[in-house]
$ cat query_3.cif   # mmCIF, C-alpha atoms
data_input
#
loop_
_atom_site.label_atom_id
_atom_site.label_comp_id
_atom_site.auth_asym_id
_atom_site.auth_seq_id
_atom_site.Cartn_x
_atom_site.Cartn_y
_atom_site.Cartn_z
CA MET Z 7 19.17 -24.23 -0.17
CA SER Z 8 17.17 -25.42 -3.16
CA ILE Z 9 13.43 -24.94 -3.33
CA PRO Z 10 10.90 -27.59 -4.32
CA PRO Z 11 9.55 -27.29 -7.87
CA PHE Z 12 6.41 -25.11 -7.91
CA ILE Z 13 4.41 -27.89 -9.50
CA ASP Z 14 5.16 -30.16 -6.52
CA LYS Z 15 3.81 -27.50 -4.15
CA MET Z 16 0.67 -27.24 -6.25
CA LYS Z 17 0.26 -31.00 -6.18
CA GLU Z 18 0.51 -30.95 -2.38
CA ALA Z 19 -2.21 -28.32 -2.32
CA ALA Z 20 -4.36 -30.40 -4.71
CA LEU Z 21 -4.12 -27.61 -7.28
CA TYR Z 22 -2.33 -29.41 -10.09
CA PRO Z 23 -3.07 -29.35 -12.92
CA LEU Z 24 -4.42 -25.83 -12.54
CA TYR Z 25 -7.28 -24.86 -14.84
CA SER Z 26 -8.75 -21.48 -15.63
CA THR Z 27 -12.23 -20.85 -14.28
CA GLY Z 28 -13.31 -18.32 -16.90
CA ILE Z 29 -12.04 -15.24 -18.71
CA SER Z 30 -13.29 -11.98 -17.30
CA VAL Z 31 -10.26 -9.89 -18.29
CA LEU Z 32 -8.45 -9.55 -21.61
CA GLN Z 33 -5.07 -8.10 -20.66
CA VAL Z 34 -3.32 -6.66 -23.67
CA ASN Z 35 0.34 -5.72 -23.61
CA VAL Z 36 0.53 -3.10 -26.36
CA GLY Z 37 4.31 -2.91 -26.43
CA LYS Z 38 7.60 -2.86 -24.60
CA THR Z 39 8.51 0.72 -25.38
CA CYS Z 40 8.70 2.86 -22.26
CA ASN Z 41 10.09 6.24 -21.26
CA LEU Z 42 11.46 4.66 -18.07
CA ALA Z 43 13.72 1.65 -17.39
CA CYS Z 44 12.76 0.58 -13.85
CA LYS Z 45 14.92 -1.79 -11.84
CA HIS Z 46 12.06 -4.17 -11.04
CA CYS Z 47 10.56 -4.32 -14.56
CA HIS Z 48 9.84 -7.91 -15.64
CA VAL Z 49 9.16 -6.68 -19.19
CA GLU Z 50 12.60 -5.08 -19.42
CA ALA Z 51 10.77 -2.22 -21.04
CA GLY Z 52 12.62 0.94 -21.96
CA PRO Z 53 13.17 3.66 -24.55
CA GLY Z 54 15.16 1.30 -26.77
CA ARG Z 55 12.49 -1.40 -27.10
CA PRO Z 56 10.82 -1.36 -30.55
CA GLU Z 57 8.07 -3.96 -29.93
CA SER Z 58 4.68 -2.32 -30.35
CA MET Z 59 1.25 -3.80 -31.11
CA SER Z 60 -0.10 -3.08 -34.58
CA ARG Z 61 -3.55 -1.69 -35.27
CA GLU Z 62 -4.40 -4.97 -36.98
CA THR Z 63 -3.63 -7.00 -33.84
CA MET Z 64 -5.65 -4.52 -31.78
CA SER Z 65 -8.53 -5.07 -34.20
CA HIS Z 66 -8.37 -8.80 -33.47
CA CYS Z 67 -8.50 -8.00 -29.73
CA LEU Z 68 -11.58 -5.82 -30.31
CA GLU Z 69 -13.26 -8.60 -32.29
CA VAL Z 70 -12.66 -10.99 -29.40
CA LEU Z 71 -14.13 -8.46 -26.97
CA ALA Z 72 -17.13 -7.85 -29.23
CA ASN Z 73 -17.91 -11.53 -29.70
CA ASN Z 74 -17.35 -12.91 -26.21
CA PRO Z 75 -18.58 -12.25 -22.66
CA ILE Z 76 -15.33 -10.66 -21.48
CA GLY Z 77 -16.14 -7.56 -19.46
CA THR Z 78 -12.76 -5.88 -19.03
CA LEU Z 79 -9.95 -4.74 -21.28
CA ASP Z 80 -6.78 -4.25 -19.21
CA ILE Z 81 -4.11 -2.39 -21.20
CA THR Z 82 -0.49 -2.66 -20.15
CA GLY Z 83 3.04 -2.31 -21.54
CA GLY Z 84 5.74 -0.79 -21.51
CA ALA Z 85 4.10 2.57 -21.34
CA PRO Z 86 0.83 1.98 -23.24
CA GLU Z 87 0.70 5.69 -24.11
CA LEU Z 88 3.68 5.25 -26.43
CA ASN Z 89 1.64 3.05 -28.76
CA PRO Z 90 0.18 5.47 -31.35
CA HIS Z 91 -3.04 3.45 -31.70
CA LEU Z 92 -3.94 3.65 -28.00
CA PRO Z 93 -6.60 6.42 -28.24
CA TRP Z 94 -8.45 4.54 -30.98
CA PHE Z 95 -8.14 1.23 -29.11
CA ILE Z 96 -9.61 2.73 -25.92
CA ALA Z 97 -12.44 4.50 -27.74
CA SER Z 98 -13.35 1.34 -29.68
CA ALA Z 99 -13.40 -0.87 -26.57
CA ALA Z 100 -15.43 1.70 -24.64
CA ALA Z 101 -17.91 1.84 -27.54
CA LEU Z 102 -18.42 -1.91 -27.07
CA GLY Z 103 -19.47 -1.20 -23.50
CA LYS Z 104 -16.35 -2.76 -22.01
CA LYS Z 105 -14.66 -1.57 -18.87
CA VAL Z 106 -11.22 -0.26 -19.85
CA MET Z 107 -8.19 -0.10 -17.57
CA VAL Z 108 -4.85 1.46 -18.44
CA ARG Z 109 -1.70 0.72 -16.47
CA THR Z 110 0.42 3.84 -16.55
CA ASN Z 111 3.73 4.97 -15.13
CA LEU Z 112 2.23 8.50 -14.82
CA THR Z 113 5.41 10.30 -15.89
CA VAL Z 114 4.74 9.74 -19.59
CA LEU Z 115 1.57 11.82 -19.21
CA GLU Z 116 3.70 14.86 -18.41
CA GLN Z 117 5.38 14.77 -21.84
CA PRO Z 118 3.89 17.36 -24.22
CA GLU Z 119 2.74 14.84 -26.85
CA TYR Z 120 0.77 12.79 -24.30
CA GLN Z 121 -0.59 15.54 -22.03
CA HIS Z 122 -4.01 15.32 -23.68
CA LEU Z 123 -4.50 11.66 -22.76
CA PRO Z 124 -5.86 12.12 -19.21
CA GLU Z 125 -8.86 13.97 -20.69
CA LEU Z 126 -9.37 11.09 -23.15
CA TYR Z 127 -9.17 8.59 -20.28
CA ALA Z 128 -11.76 10.59 -18.36
CA GLN Z 129 -14.05 10.85 -21.40
CA HIS Z 130 -14.17 7.05 -21.72
CA LYS Z 131 -14.22 6.47 -17.93
CA VAL Z 132 -10.99 4.52 -18.16
CA GLU Z 133 -9.81 3.16 -14.82
CA ILE Z 134 -6.25 4.32 -14.24
CA VAL Z 135 -3.90 1.92 -12.50
CA ALA Z 136 -0.77 3.91 -11.76
CA SER Z 137 2.60 2.71 -10.57
CA LEU Z 138 3.94 4.55 -7.54
CA PRO Z 139 6.24 2.30 -5.56
CA TYR Z 140 6.35 4.47 -2.44
CA TYR Z 141 5.06 7.73 -1.00
CA THR Z 142 8.53 9.22 -0.62
CA GLU Z 143 10.72 10.72 -3.34
CA ARG Z 144 13.89 8.93 -2.31
CA ASP Z 145 12.44 5.43 -2.34
CA THR Z 146 10.51 5.97 -5.56
CA ASP Z 147 13.40 7.50 -7.50
CA ARG Z 148 15.81 4.78 -6.37
CA GLN Z 149 13.63 2.24 -8.13
CA ARG Z 150 12.27 4.15 -11.10
CA GLY Z 151 14.88 6.82 -11.81
CA SER Z 152 15.71 10.37 -10.80
CA GLY Z 153 12.83 12.84 -11.04
CA VAL Z 154 10.13 10.19 -11.40
CA PHE Z 155 8.45 10.92 -8.08
CA ARG Z 156 8.02 14.67 -8.69
CA SER Z 157 6.66 14.01 -12.15
CA ALA Z 158 4.24 11.36 -10.87
CA ILE Z 159 2.96 13.74 -8.19
CA THR Z 160 2.31 16.46 -10.77
CA VAL Z 161 0.34 14.03 -12.95
CA LEU Z 162 -1.62 12.64 -9.98
CA GLN Z 163 -2.64 16.19 -9.06
CA LYS Z 164 -3.82 16.73 -12.63
CA LEU Z 165 -5.79 13.47 -12.56
CA ASN Z 166 -7.42 14.57 -9.32
CA SER Z 167 -8.36 17.88 -10.94
CA LEU Z 168 -10.17 15.90 -13.66
CA GLY Z 169 -12.15 14.03 -11.03
CA TYR Z 170 -9.96 10.92 -10.82
CA GLY Z 171 -9.88 9.33 -7.39
CA GLN Z 172 -13.32 10.75 -6.69
CA TRP Z 173 -16.81 9.75 -7.78
CA GLU Z 174 -16.87 7.43 -10.77
CA LEU Z 175 -13.39 7.93 -12.23
CA ARG Z 176 -11.31 5.28 -10.51
CA LEU Z 177 -7.67 5.85 -9.70
CA THR Z 178 -5.72 2.95 -8.26
CA LEU Z 179 -2.09 3.16 -7.19
CA VAL Z 180 0.30 0.24 -7.34
CA TYR Z 181 3.02 -0.40 -4.77
CA ASN Z 182 5.81 -2.85 -5.38
CA PRO Z 183 8.70 -3.57 -3.02
CA GLY Z 184 11.91 -1.61 -3.48
CA GLY Z 185 14.04 -4.74 -3.64
CA ALA Z 186 14.22 -8.41 -2.75
CA PHE Z 187 11.51 -8.58 -0.13
CA LEU Z 188 7.76 -9.25 0.02
CA PRO Z 189 5.15 -6.49 -0.01
CA PRO Z 190 3.53 -5.32 3.22
CA ASN Z 191 -0.08 -5.74 4.23
CA GLN Z 192 -2.08 -4.02 1.47
CA LYS Z 193 -4.54 -2.22 3.74
CA ALA Z 194 -1.77 -0.99 6.07
CA VAL Z 195 0.35 0.48 3.30
CA GLU Z 196 -2.71 1.90 1.54
CA ALA Z 197 -3.45 3.83 4.75
CA ASP Z 198 0.13 5.17 4.73
CA PHE Z 199 -0.12 6.27 1.10
CA LYS Z 200 -3.51 7.95 1.68
CA ARG Z 201 -2.29 9.77 4.75
CA GLU Z 202 1.09 10.88 3.38
CA LEU Z 203 0.06 11.75 -0.20
CA GLY Z 204 -2.98 13.59 1.16
CA ARG Z 205 -1.03 15.48 3.81
CA ARG Z 206 1.97 16.38 1.65
CA TYR Z 207 0.44 16.88 -1.79
CA GLY Z 208 -3.35 16.92 -1.41
CA ILE Z 209 -3.65 13.78 -3.54
CA VAL Z 210 -6.60 11.40 -3.27
CA PHE Z 211 -7.05 7.96 -4.82
CA ASP Z 212 -9.45 5.05 -4.55
CA GLU Z 213 -7.29 2.13 -3.55
CA LEU Z 214 -3.79 0.73 -3.57
CA PHE Z 215 -2.65 -2.63 -4.90
CA THR Z 216 0.45 -4.33 -3.57
CA LEU Z 217 2.40 -6.45 -6.04
CA THR Z 218 5.21 -8.91 -5.44
CA ASN Z 219 8.29 -8.49 -7.60
CA VAL Z 220 8.54 -11.52 -9.89
CA PRO Z 221 12.01 -12.92 -10.58
CA VAL Z 222 11.78 -12.37 -14.32
CA GLY Z 223 13.45 -9.86 -16.66
CA ARG Z 224 15.33 -6.92 -15.19
CA PHE Z 225 14.41 -7.90 -11.62
CA LEU Z 226 15.91 -11.36 -12.15
CA LYS Z 227 19.13 -9.74 -13.34
CA PHE Z 228 19.17 -7.53 -10.24
CA LEU Z 229 18.77 -10.62 -8.02
CA GLN Z 230 21.59 -12.41 -9.82
CA GLU Z 231 23.97 -9.45 -9.79
CA THR Z 232 23.45 -8.71 -6.10
CA GLY Z 233 23.62 -12.29 -4.81
CA ASN Z 234 19.96 -12.11 -3.72
CA LEU Z 235 18.48 -14.75 -6.02
CA ALA Z 236 18.72 -17.82 -3.79
CA GLY Z 237 17.48 -15.96 -0.70
CA TYR Z 238 14.57 -14.36 -2.55
CA ARG Z 239 13.43 -17.61 -4.17
CA GLU Z 240 13.59 -19.29 -0.79
CA ARG Z 241 11.60 -16.44 0.77
CA LEU Z 242 8.88 -16.85 -1.88
CA ALA Z 243 8.75 -20.63 -1.58
CA LYS Z 244 8.58 -20.56 2.23
CA ALA Z 245 5.67 -18.14 2.05
CA PHE Z 246 3.64 -20.37 -0.33
CA ASN Z 247 -0.01 -19.87 0.51
CA PRO Z 248 -2.52 -22.41 -0.91
CA ALA Z 249 -5.38 -19.92 -0.49
CA ALA Z 250 -3.56 -17.45 -2.74
CA ALA Z 251 -2.61 -20.23 -5.15
CA ALA Z 252 -6.24 -21.24 -5.55
CA ASN Z 253 -7.17 -17.73 -6.67
CA VAL Z 254 -4.29 -16.62 -8.88
CA MET Z 255 -5.20 -14.13 -11.59
CA CYS Z 256 -4.39 -16.44 -14.50
CA ARG Z 257 -7.53 -18.40 -13.66
CA ASN Z 258 -9.79 -15.64 -14.99
CA LEU Z 259 -7.51 -13.58 -17.23
CA ILE Z 260 -5.81 -14.10 -20.54
CA SER Z 261 -2.80 -12.10 -21.65
CA VAL Z 262 -2.12 -10.96 -25.20
CA GLY Z 263 1.43 -10.14 -26.31
CA TRP Z 264 2.30 -7.26 -28.63
CA ASP Z 265 2.36 -9.71 -31.59
CA GLY Z 266 -0.98 -11.31 -30.70
CA THR Z 267 0.34 -14.42 -28.97
CA LEU Z 268 -1.79 -15.61 -26.03
CA TYR Z 269 -0.35 -16.30 -22.59
CA ASP Z 270 -1.71 -17.16 -19.17
CA CYS Z 271 -0.20 -13.99 -17.70
CA ASP Z 272 2.20 -11.14 -18.42
CA PHE Z 273 5.06 -12.98 -16.68
CA ASN Z 274 4.66 -16.09 -18.82
CA GLN Z 275 4.59 -13.68 -21.74
CA MET Z 276 8.04 -12.35 -20.86
CA LEU Z 277 9.34 -15.90 -20.48
CA GLY Z 278 7.90 -16.93 -23.84
CA LEU Z 279 5.59 -19.52 -22.23
CA ALA Z 280 2.54 -19.26 -24.50
CA CYS Z 281 -0.79 -20.97 -23.73
CA ASN Z 282 -0.44 -24.59 -24.70
CA ARG Z 283 -1.85 -28.00 -23.77
CA GLY Z 284 -3.68 -28.01 -27.08
CA VAL Z 285 -5.47 -24.66 -26.91
CA PRO Z 286 -5.11 -21.88 -29.51
CA ASN Z 287 -2.32 -19.47 -28.70
CA HIS Z 288 -2.91 -16.51 -30.98
CA ILE Z 289 -5.58 -13.82 -30.78
CA LYS Z 290 -6.57 -14.56 -34.40
CA ASP Z 291 -7.53 -18.10 -33.35
CA PHE Z 292 -9.25 -17.10 -30.10
CA ASP Z 293 -11.74 -19.76 -28.98
CA PHE Z 294 -13.51 -18.68 -25.79
CA GLU Z 295 -14.92 -22.09 -24.93
CA ARG Z 296 -11.58 -23.84 -25.15
CA LEU Z 297 -9.55 -21.08 -23.54
CA ARG Z 298 -11.86 -20.47 -20.59
CA GLN Z 299 -11.11 -23.93 -19.24
CA ARG Z 300 -7.50 -24.27 -20.32
CA GLU Z 301 -4.71 -25.81 -18.30
CA ILE Z 302 -2.41 -23.06 -17.09
CA VAL Z 303 1.32 -23.23 -17.77
CA LEU Z 304 3.17 -23.15 -14.44
CA ALA Z 305 6.84 -22.76 -13.53
CA ASP Z 306 8.91 -21.73 -10.52
CA HIS Z 307 8.41 -17.97 -11.06
CA CYS Z 308 4.75 -18.61 -10.11
CA TYR Z 309 5.87 -18.72 -6.47
CA ALA Z 310 5.77 -14.91 -6.57
CA CYS Z 311 2.00 -14.85 -7.09
CA THR Z 312 1.33 -17.37 -4.31
CA ALA Z 313 3.58 -15.98 -1.56
CA GLY Z 314 2.00 -14.56 1.59
CA ALA Z 315 -1.19 -12.70 0.75
CA GLY Z 316 -0.57 -13.46 -2.92
CA SER Z 317 -0.07 -11.05 -5.78
CA SER Z 318 -2.05 -10.27 -8.89
CA CYS Z 319 -2.74 -7.42 -11.27
CA GLY Z 320 -5.53 -6.61 -8.80
CA GLY Z 321 -3.16 -6.53 -5.82
CA ALA Z 322 -3.14 -8.95 -2.88
CA ILE Z 323 -5.24 -12.06 -3.44
CA VAL Z 324 -6.23 -12.84 0.15
CA SER Z 325 -6.66 -10.39 3.02
CA ASN Z 326 -3.72 -10.50 5.41
CA MET H 2 35.88 -16.41 4.90
CA ASP H 3 35.37 -18.14 8.22
CA SER H 4 33.23 -16.22 10.64
CA TYR H 5 31.78 -16.85 14.07
CA TYR H 6 28.39 -15.62 12.86
CA ARG H 7 27.11 -17.17 9.62
CA ALA H 8 23.86 -16.09 7.99
CA GLU H 9 22.88 -19.66 7.18
CA ASP H 10 23.03 -20.54 10.88
CA LEU H 11 19.79 -18.66 11.44
CA ALA H 12 17.99 -21.55 9.73
CA LYS H 13 19.42 -23.84 12.43
CA PHE H 14 17.61 -21.91 15.18
CA PRO H 15 14.99 -24.70 15.59
CA THR H 16 17.78 -27.10 16.68
CA MET H 17 17.47 -25.38 20.06
CA GLY H 18 14.30 -27.44 20.45
CA GLU H 19 15.98 -30.79 19.81
CA GLU H 20 16.64 -31.59 23.45
CA ALA H 21 14.17 -29.24 25.00
CA GLY H 22 11.06 -29.60 22.89
CA GLU H 23 8.58 -28.41 25.47
CA LEU H 24 10.53 -25.28 26.31
CA TRP H 25 11.06 -24.57 22.60
CA ASN H 26 7.38 -24.97 21.78
CA LYS H 27 6.39 -22.67 24.61
CA PHE H 28 8.94 -20.11 23.52
CA MET H 29 7.81 -20.21 19.90
CA ALA H 30 4.13 -19.94 20.83
CA TYR H 31 4.94 -16.92 22.99
CA TYR H 32 7.20 -15.42 20.31
CA GLY H 33 4.52 -15.79 17.66
CA ALA H 34 1.87 -14.24 19.91
CA VAL H 35 4.10 -11.27 20.74
CA PHE H 36 4.45 -10.29 17.09
CA GLU H 37 0.78 -10.55 16.19
CA GLU H 38 -1.17 -7.38 15.48
CA GLY H 39 -2.33 -6.03 18.84
CA ALA H 40 -2.46 -2.68 20.62
CA LEU H 41 0.71 -2.06 18.60
CA SER H 42 0.72 -2.69 14.87
CA ALA H 43 2.86 -5.47 13.40
CA ARG H 44 5.04 -2.76 11.84
CA GLU H 45 5.58 -0.95 15.16
CA LYS H 46 6.59 -4.24 16.75
CA ALA H 47 9.04 -4.96 13.93
CA LEU H 48 10.63 -1.52 14.38
CA ILE H 49 10.95 -2.09 18.14
CA ALA H 50 12.50 -5.50 17.45
CA LEU H 51 14.96 -3.90 15.02
CA ALA H 52 16.01 -1.34 17.64
CA VAL H 53 16.39 -4.02 20.32
CA ALA H 54 18.34 -6.21 17.88
CA HIS H 55 20.88 -3.41 17.58
CA ALA H 56 20.96 -2.83 21.33
CA VAL H 57 21.68 -6.52 21.99
CA GLN H 58 23.88 -6.60 18.87
CA CYS H 59 22.43 -9.80 17.45
CA PRO H 60 23.38 -10.08 13.75
CA TYR H 61 20.73 -12.73 13.15
CA CYS H 62 18.03 -10.47 14.56
CA ILE H 63 19.31 -7.45 12.60
CA ASP H 64 19.14 -9.52 9.43
CA ALA H 65 15.66 -10.88 10.17
CA TYR H 66 14.11 -7.63 11.39
CA THR H 67 15.56 -5.47 8.62
CA GLN H 68 13.69 -7.73 6.21
CA ALA H 69 10.62 -7.80 8.46
CA CYS H 70 10.49 -3.99 8.69
CA LEU H 71 10.69 -3.65 4.90
CA GLU H 72 7.99 -6.27 4.49
CA LYS H 73 5.77 -4.35 6.91
CA GLY H 74 6.09 -1.23 4.75
CA ALA H 75 8.65 0.67 6.84
CA ASN H 76 11.27 2.71 5.00
CA THR H 77 14.96 3.08 5.79
CA GLU H 78 14.39 6.55 7.24
CA GLN H 79 12.07 5.07 9.88
CA MET H 80 14.40 2.12 10.46
CA THR H 81 17.40 4.42 10.91
CA GLU H 82 15.46 6.47 13.46
CA ALA H 83 14.62 3.25 15.32
CA VAL H 84 18.33 2.40 15.53
CA HIS H 85 19.00 5.92 16.85
CA VAL H 86 16.43 5.29 19.57
CA ALA H 87 18.42 2.22 20.60
CA ALA H 88 21.64 4.24 20.48
CA ALA H 89 20.12 7.03 22.56
CA ILE H 90 18.92 4.63 25.23
CA ARG H 91 22.27 2.83 25.32
CA GLY H 92 24.16 6.12 25.44
CA GLY H 93 21.79 7.57 27.99
CA ALA H 94 22.06 4.46 30.12
CA THR H 95 25.85 4.79 30.08
CA LEU H 96 25.73 8.43 31.04
CA VAL H 97 23.09 8.08 33.71
CA HIS H 98 25.31 5.48 35.39
CA GLY H 99 27.73 8.36 35.78
CA VAL H 100 25.52 9.45 38.65
CA GLN H 101 26.48 6.18 40.35
CA MET H 102 30.13 7.06 39.75
CA LYS H 103 29.62 10.52 41.21
CA ASN H 104 27.77 9.13 44.23
CA ILE H 105 30.59 6.70 45.01
CA ALA H 106 33.30 9.28 44.39
CA LYS H 107 31.49 11.68 46.69
CA LYS H 108 31.19 9.04 49.39
CA LEU H 109 34.85 8.10 49.15
CA GLY H 110 36.23 11.59 48.95
CA PHE H 111 36.70 14.33 51.55
#
$ encode --input "query_3.cif" --output "structure tokens"
Amino acid sequence: MSIPPFIDKMKEAALYPLYSTGISVLQVNVGKTCNLACKHCHVEAGPGRPESMSRETMSHCLEVLANNPIGTLDITGGAPELNPHLPWFIASAAALGKKVMVRTNLTVLEQPEYQHLPELYAQHKVEIVASLPYYTERDTDRQRGSGVFRSAITVLQKLNSLGYGQWELRLTLVYNPGGAFLPPNQKAVEADFKRELGRRYGIVFDELFTLTNVPVGRFLKFLQETGNLAGYRERLAKAFNPAAAANVMCRNLISVGWDGTLYDCDFNQMLGLACNRGVPNHIKDFDFERLRQREIVLADHCYACTAGAGSSCGGAIVSN
Amino acid sequence: MDSYYRAEDLAKFPTMGEEAGELWNKFMAYYGAVFEEGALSAREKALIALAVAHAVQCPYCIDAYTQACLEKGANTEQMTEAVHVAAAIRGGATLVHGVQMKNIAKKLGF
């Protein structure tokens, strides 16, 4: 069964063309290098990927933060820790008074050369957003690789010992489905994670985000190779939720690629769909006034962010 | 390969309302209400449905409720235990009917 084009669905919901409503988050992808090669990864990140943001491009990002009312720097990758300029980037953004978030796979922080970074994160009150697809070893390792769960648990315990997940140092975990199905109710699965990680390992955290797997990159290949693509796309389209569509993250976020190109989100970034419709599309040419009310580039992969309770870098969009 | 059960037939389920619209609508309203969050969570209900689907051996229901359980946050360990519950009840029901057999044999025998 074929699905209607996403743009048609948005027209039906009176949401096309879709415009941004502001820019409160500058999300910077500092590179595709990663110590893991997860099955769901839309970036297709891995140890063999050489793309890494230069210090010069980071300087442009800092200039944009310094000169515009953008409150949050959200750093992602790859594994951001593998970019050698990360400590300087974080310290510089924090010195500007910006809220800094780092999206981490946790396991990289167990490697000797990066073991000092949790202390640096704590020093600058960086919010840690950590991937942990499930609270059991078997389900986590099936998705992220053998030994990942044990390593993640060790790092979470260390983060807790530094005060993360308590008081002002925020620790958020990120669940994503272990295959071609939608995520569960965010509050319900957060309760499971809190209960099981607390009971089994004494781990505490602030909240859990549920994300929907987007049919891009390595996850798209998985869907194609396993004959799941048509069924998954249909599942996403059937679950289209106008309330989620009205509040998608691209409306108040802008995404910067490792080479400085601007995108509406990290998924468009991986598809090479840069900001267009006449607005600047490189960090060097950043124009807040024009970009904060830009028309967003949409395509059928956007169904993933609008299915069910919706999905964003901040988890579910509407309560379900 | 031709098969009596075809996955795509599940999408034709609403055709059961074509000549019995009122009954279908009542059934669907009831069905929807049953699976809403209540004294049991939506996940618990999905696990029960998965177990029952195995007991009644409905491939459509197994397909639908495997996906539903995963989308409610259940893991395959929990889902496998649910299927064992169905198996235990089916097996137990078979065995407990052995009492009937014994009663009749006792009545018929010397």
$ closest_residue --input "query_3.cif" --among "H:Lys13, H:Lys46, H:Arg7, H:Lys103" --to "Ala34 in chain H" --atoms "all atoms listed in the file"
H:Lys46
$ interface_residues --input "query_3.cif" --of "chain H" --to "chain Z" --cutoff "7 Å" --atoms "all atoms listed in the file" --output "list in words"
Gln68, Glu72, Lys73 and Gly74 of chain H
$ write_last_selection --input "query_3.cif" --atoms "C-alpha atoms" --output "PDB file, in the coordinates of the input"
ATOM      1  CA  GLN H  68      13.690  -7.730   6.210  1.00  0.00           C
ATOM      2  CA  GLU H  72       7.990  -6.270   4.490  1.00  0.00           C
ATOM      3  CA  LYS H  73       5.770  -4.350   6.910  1.00  0.00           C
ATOM      4  CA  GLY H  74       6.090  -1.230   4.750  1.00  0.00           C
TER       5      GLY H  74
END
$ atom_distance --input "query_3.cif" --atom1 "CA of Gly37 in chain Z" --atom2 "CA of Gly83 in chain Z"
5.1 Å
$ residues_near_point --input "query_3.cif" --point "(0.5, 8.7, -19.0)" --cutoff "12 Å" --atoms "only C-alpha atoms" --output "NGL selection string"
:Z and (40-42 or 82-89 or 92-93 or 108-127 or 134-137 or 157-158 or 160-162 or 164-165)
$ write_last_selection --input "query_3.cif" --atoms "C-alpha atoms" --output "mmCIF file, in the frame of the given file"
data_model
loop_
_atom_site.group_PDB
_atom_site.id
_atom_site.type_symbol
_atom_site.label_atom_id
_atom_site.label_comp_id
_atom_site.auth_asym_id
_atom_site.auth_seq_id
_atom_site.Cartn_x
_atom_site.Cartn_y
_atom_site.Cartn_z
ATOM 1 C CA CYS Z 40 8.700 2.860 -22.260
ATOM 2 C CA ASN Z 41 10.090 6.240 -21.260
ATOM 3 C CA LEU Z 42 11.460 4.660 -18.070
ATOM 4 C CA THR Z 82 -0.490 -2.660 -20.150
ATOM 5 C CA GLY Z 83 3.040 -2.310 -21.540
ATOM 6 C CA GLY Z 84 5.740 -0.790 -21.510
ATOM 7 C CA ALA Z 85 4.100 2.570 -21.340
ATOM 8 C CA PRO Z 86 0.830 1.980 -23.240
ATOM 9 C CA GLU Z 87 0.700 5.690 -24.110
ATOM 10 C CA LEU Z 88 3.680 5.250 -26.430
ATOM 11 C CA ASN Z 89 1.640 3.050 -28.760
ATOM 12 C CA LEU Z 92 -3.940 3.650 -28.000
ATOM 13 C CA PRO Z 93 -6.600 6.420 -28.240
ATOM 14 C CA VAL Z 108 -4.850 1.460 -18.440
ATOM 15 C CA ARG Z 109 -1.700 0.720 -16.470
ATOM 16 C CA THR Z 110 0.420 3.840 -16.550
ATOM 17 C CA ASN Z 111 3.730 4.970 -15.130
ATOM 18 C CA LEU Z 112 2.230 8.500 -14.820
ATOM 19 C CA THR Z 113 5.410 10.300 -15.890
ATOM 20 C CA VAL Z 114 4.740 9.740 -19.590
ATOM 21 C CA LEU Z 115 1.570 11.820 -19.210
ATOM 22 C CA GLU Z 116 3.700 14.860 -18.410
ATOM 23 C CA GLN Z 117 5.380 14.770 -21.840
ATOM 24 C CA PRO Z 118 3.890 17.360 -24.220
ATOM 25 C CA GLU Z 119 2.740 14.840 -26.850
ATOM 26 C CA TYR Z 120 0.770 12.790 -24.300
ATOM 27 C CA GLN Z 121 -0.590 15.540 -22.030
ATOM 28 C CA HIS Z 122 -4.010 15.320 -23.680
ATOM 29 C CA LEU Z 123 -4.500 11.660 -22.760
ATOM 30 C CA PRO Z 124 -5.860 12.120 -19.210
ATOM 31 C CA GLU Z 125 -8.860 13.970 -20.690
ATOM 32 C CA LEU Z 126 -9.370 11.090 -23.150
ATOM 33 C CA TYR Z 127 -9.170 8.590 -20.280
ATOM 34 C CA ILE Z 134 -6.250 4.320 -14.240
ATOM 35 C CA VAL Z 135 -3.900 1.920 -12.500
ATOM 36 C CA ALA Z 136 -0.770 3.910 -11.760
ATOM 37 C CA SER Z 137 2.600 2.710 -10.570
ATOM 38 C CA SER Z 157 6.660 14.010 -12.150
ATOM 39 C CA ALA Z 158 4.240 11.360 -10.870
ATOM 40 C CA THR Z 160 2.310 16.460 -10.770
ATOM 41 C CA VAL Z 161 0.340 14.030 -12.950
ATOM 42 C CA LEU Z 162 -1.620 12.640 -9.980
ATOM 43 C CA LYS Z 164 -3.820 16.730 -12.630
ATOM 44 C CA LEU Z 165 -5.790 13.470 -12.560
#
$ residues_near_point --input "query_3.cif" --point "(-4.9, -11.8, -11.8)" --cutoff "9 Å" --atoms "only C-alpha atoms" --output "PDB file with C-alpha atoms, keeping the file's coordinate frame"
ATOM      1  CA  VAL Z  31     -10.260  -9.890 -18.290  1.00  0.00           C
ATOM      2  CA  ASN Z 253      -7.170 -17.730  -6.670  1.00  0.00           C
ATOM      3  CA  VAL Z 254      -4.290 -16.620  -8.880  1.00  0.00           C
ATOM      4  CA  MET Z 255      -5.200 -14.130 -11.590  1.00  0.00           C
ATOM      5  CA  CYS Z 256      -4.390 -16.440 -14.500  1.00  0.00           C
ATOM      6  CA  ARG Z 257      -7.530 -18.400 -13.660  1.00  0.00           C
ATOM      7  CA  ASN Z 258      -9.790 -15.640 -14.990  1.00  0.00           C
ATOM      8  CA  LEU Z 259      -7.510 -13.580 -17.230  1.00  0.00           C
ATOM      9  CA  CYS Z 271      -0.200 -13.990 -17.700  1.00  0.00           C
ATOM     10  CA  CYS Z 311       2.000 -14.850  -7.090  1.00  0.00           C
ATOM     11  CA  SER Z 317      -0.070 -11.050  -5.780  1.00  0.00           C
ATOM     12  CA  SER Z 318      -2.050 -10.270  -8.890  1.00  0.00           C
ATOM     13  CA  CYS Z 319      -2.740  -7.420 -11.270  1.00  0.00           C
ATOM     14  CA  GLY Z 320      -5.530  -6.610  -8.800  1.00  0.00           C
ATOM     15  CA  GLY Z 321      -3.160  -6.530  -5.820  1.00  0.00           C
ATOM     16  CA  ILE Z 323      -5.240 -12.060  -3.440  1.00  0.00           C
TER      17      ILE Z 323
END
